[in-house]
Every structure is written in structure tokens, then in C-alpha cells.
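Here's the structure, in C-alpha cells; my notes come after.
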Amino acid sequence: MEALLEEVQRVGYVNKPVAEDIDLVAEINRLKKEKNAVILAHYYVDGSIQDIADYIGDSLGLSQQAAATPADMIVFCGVHFMGETAKILSPHKKVVIPDLNAGCSLADSAPADKFAAFKAQYPDHIVLSYINCSAEIKALSDIIVTSSNALKIVESLPKDQKIIFAPDANLGRFVSKKTGRDMVLWDGACIVHIDISLEKLTKLRHDYPEAKFIAHPECQEHILSQADFVGSTTALLKYVIDSPEQTFIVGTEAGILHKMKQAVPHKKIIPAPASQNNTCACSECPYMKMNTLEKVYNAMLYEQPEIIVPEDIRLKAYESVARMLELSEPASR
């Protein structure tokens, strides 16, 4: 076991070969029953993982599931901060993720020491932090928000309450514009959402003039200004399902297209184009794509890599996350 832990610390995941003839889906389902495990997956992971998950959702929904699950083990298929959030909410459960290397550019943009110094400059402000941040940043925050509930939470605060919003400046600007609240913004961003190309998008909209362009609020302001609808990942999915329109250009990580195409196979779903040339000509998160079925299987079999959050950090972070869940409760029904 010691050698396994050393290996996980060195490479970030359980690097054990999986037999070619193994039925991964069947084995994962077997281990799920055997270990009373639940698989939570974000909309951005590969479709094959979404298909075997017990729950698929955005950050708010996944947090709610992590807090409520009766399972003994949570297998979190997403990125590192999501596994941390699950551990913050369910400290007595074992939380494993397929690959410790699955980080988040947005979370990385807010180092705890620098943010603490930034926060100290505004002693009369409360800190609202987007859930895409580390456990240390959550511990320095008063309330956590997601793209699903940020508007509601900001509007619930007294008008004269001064606010620091971190770490996503694009989401912060969107919320500020919508609510009319002047907030101090930490200058962080998601590499996936800021990589959507306006030039390529303009051409794509010319090619598909009937298409509705929908976008996530982590996108830059000049992209959001082009959108017919702006919303969280779950809100984008709902829009595509409910809308009478038949063609959509989707401005967020391309993993959501899997669920959209399952939900409305008769509609045309087009990913918004990325500035960088890549295999899909779309916006893909390299960290989300580190999740594979093989890594999910090994994580369940060996119960590694395990997420550990120091208790002093967890307790402080729990307060800000619990406050979010409390303020979000009516909207989740």
C-alpha cells in the first residue's frame, strides 16, 4: 500500500494496467455496489463517464449531491477543487478522484497567500468566491457562489454591503452588470472560456444565421454581448431542451454537448470555436479530459487518489459552502 501511495503522489493517479478484455462499465458498476460508492460527474467530462455516473451536473448540483449522499465513498469525476468541495461537505466519507493532476486554471489563478493579502486591503468587504477555487480560498471566503446562484446570492445581500468577488473576473463583471452592484474583482479567468474566438464565432453565426448563440458567464464580455442567452451549464442545457429553436451554438466547454445531444437528438448543437486549433475545433478543458474510464476503475478498485483537506481549513471552508447551500435551497426544489 505504501508503494501505491508513493506512486499516486508521484504521477497523480493509480498507474496500474487494466486488462484489455475487462468490461470496464460492468466492473465499475460491480465496485459501486460492493463499496457502496456513488459516482458524481461534471457535464464537462467525457461522455463515456457521464453515462456511468449516478449523478451528472454543474457545480451547484454536484455540491448538493455530495452533501446529501448516503454512500460511503464518493468518486468525483471532474477536477480537484470539486473533490475538495465534496470532502468539505462530507468529511466522514472517502472521496477519491481519478487523477490528482486534473486541476483548474481558474482555481490556480488565486493563490491563497496572495488572495489573503488582497482581502486585507478591503477589511469592510465580505468575500464571495466562485466555487471554482481551492479549499484555502473557500476558507478565506464568507459565501461561495456558482454560476447558477451568483445573481440570487448577490441580490440577497444588503445594498450597502461591500463585496469582493473572486476568482473569476468575467463572472464577476456579468453579475455586477446584472445586479448593478459595484464589486471589487479578483482578476482570474478560465482558460477554456476565454479562448472562444470572436472572429471564428462571427463566421460561424454567418454560416448558421438561424442559430441561437448561448454562453456561460465565464466567457469574456465581448463574447457575452453576442449571446442570445447567458447561463450556467445546467441553464444552457435547459434552454436547449425547452427552446423551440432547432440550431444552437454553445459557448462553453464542449463536454456539455454530449448531454444536449442525448436530450434533443433532433436538434443541431454546434460548439463555439476556440482561438487555438485543436482536434475538435471547440473549447475543451484539458483537465476534465484527464478523467478516463480506466482511471475511474482504478480509483474505485484501489480507493486512490484520495482527497484530504486539513481539518482547520475544512471547517472554515465548510461555513462558506454551507452558507451557499442554505441560500440556494429554495431554487433547488
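Following the order of the C-alpha cells, first chain is A, next is B, and so on, with residues numbered from 1 inside each chain and ligands from 1 in the order they appear.
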inquiry  = Neighbouring residues of segment 287-304 of chain A were defined as those with any atom within 10 Å, considering only C-alpha atoms; residues of the same chain fewer than 5 positions away were excluded. Please report them as a PyMOL selection string.
reply    = chain A and resi 1+4-5+8+12-19+24-25+27-29+31-32+35+37+39+41-49+52+73-80+94-105+253+255
task = Please identify all polymer residues within 8 Å of Val250 of chain A, counting only C-alpha atoms, omitting same-chain residues fewer than 4 positions from it, and present them as a VMD selection string.
result = chain A and resid 213 to 215 254 269 to 272
Residue neighbourhood Ser275 of chain A, 6 Å, only C-alpha atoms, exclusion window fewer than 4 positions, as a JSON list (two decimals) with C-alpha atoms, in the first residue's frame:
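Wrote it out as around04.json, contents follow:
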```
[["chain", "number", "residue", "atom", "x", "y", "z"],
["A", 195, "ASP", "CA", -10.34, 31.04, -25.51],
["A", 196, "ILE", "CA", -13.58, 31.34, -27.50],
["A", 197, "SER", "CA", -12.73, 33.23, -30.69]]
```
key: Selection: 12 Å around Ser148 of chain A, only C-alpha atoms, excl. self and same-chain fewer than 5 positions, as a ChimeraX atom specification   = /A:57-63,130-131,153-154,171,175,216-218,230-236,324-325,327-329,331-332
task = Grab the atom CA of Leu204 of chain A to atom CA of Ile249 of chain A distance for me, in Å with one decimal place.
result =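 Interatomic distance here is 8.4 Å.
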request  = Extract the full set of alpha helix (DSSP H) residues from segment 47-259 of chain A according to DSSP on the backbone, and format it as JSON, numbers by chain.
outcome  = {"A": [47, 48, 49, 50, 59, 60, 61, 62, 63, 64, 65, 66, 67, 68, 80, 81, 82, 83, 84, 85, 86, 87, 88, 89, 105, 106, 107, 108, 112, 113, 114, 115, 116, 117, 118, 119, 120, 135, 136, 137, 138, 139, 150, 151, 152, 153, 154, 155, 156, 169, 170, 171, 172, 173, 174, 175, 176, 177, 178, 179, 198, 199, 200, 201, 202, 203, 204, 205, 206, 207, 221, 222, 223, 224, 233, 234, 235, 236, 237, 238, 239, 240, 241, 242, 256, 257, 258, 259]}
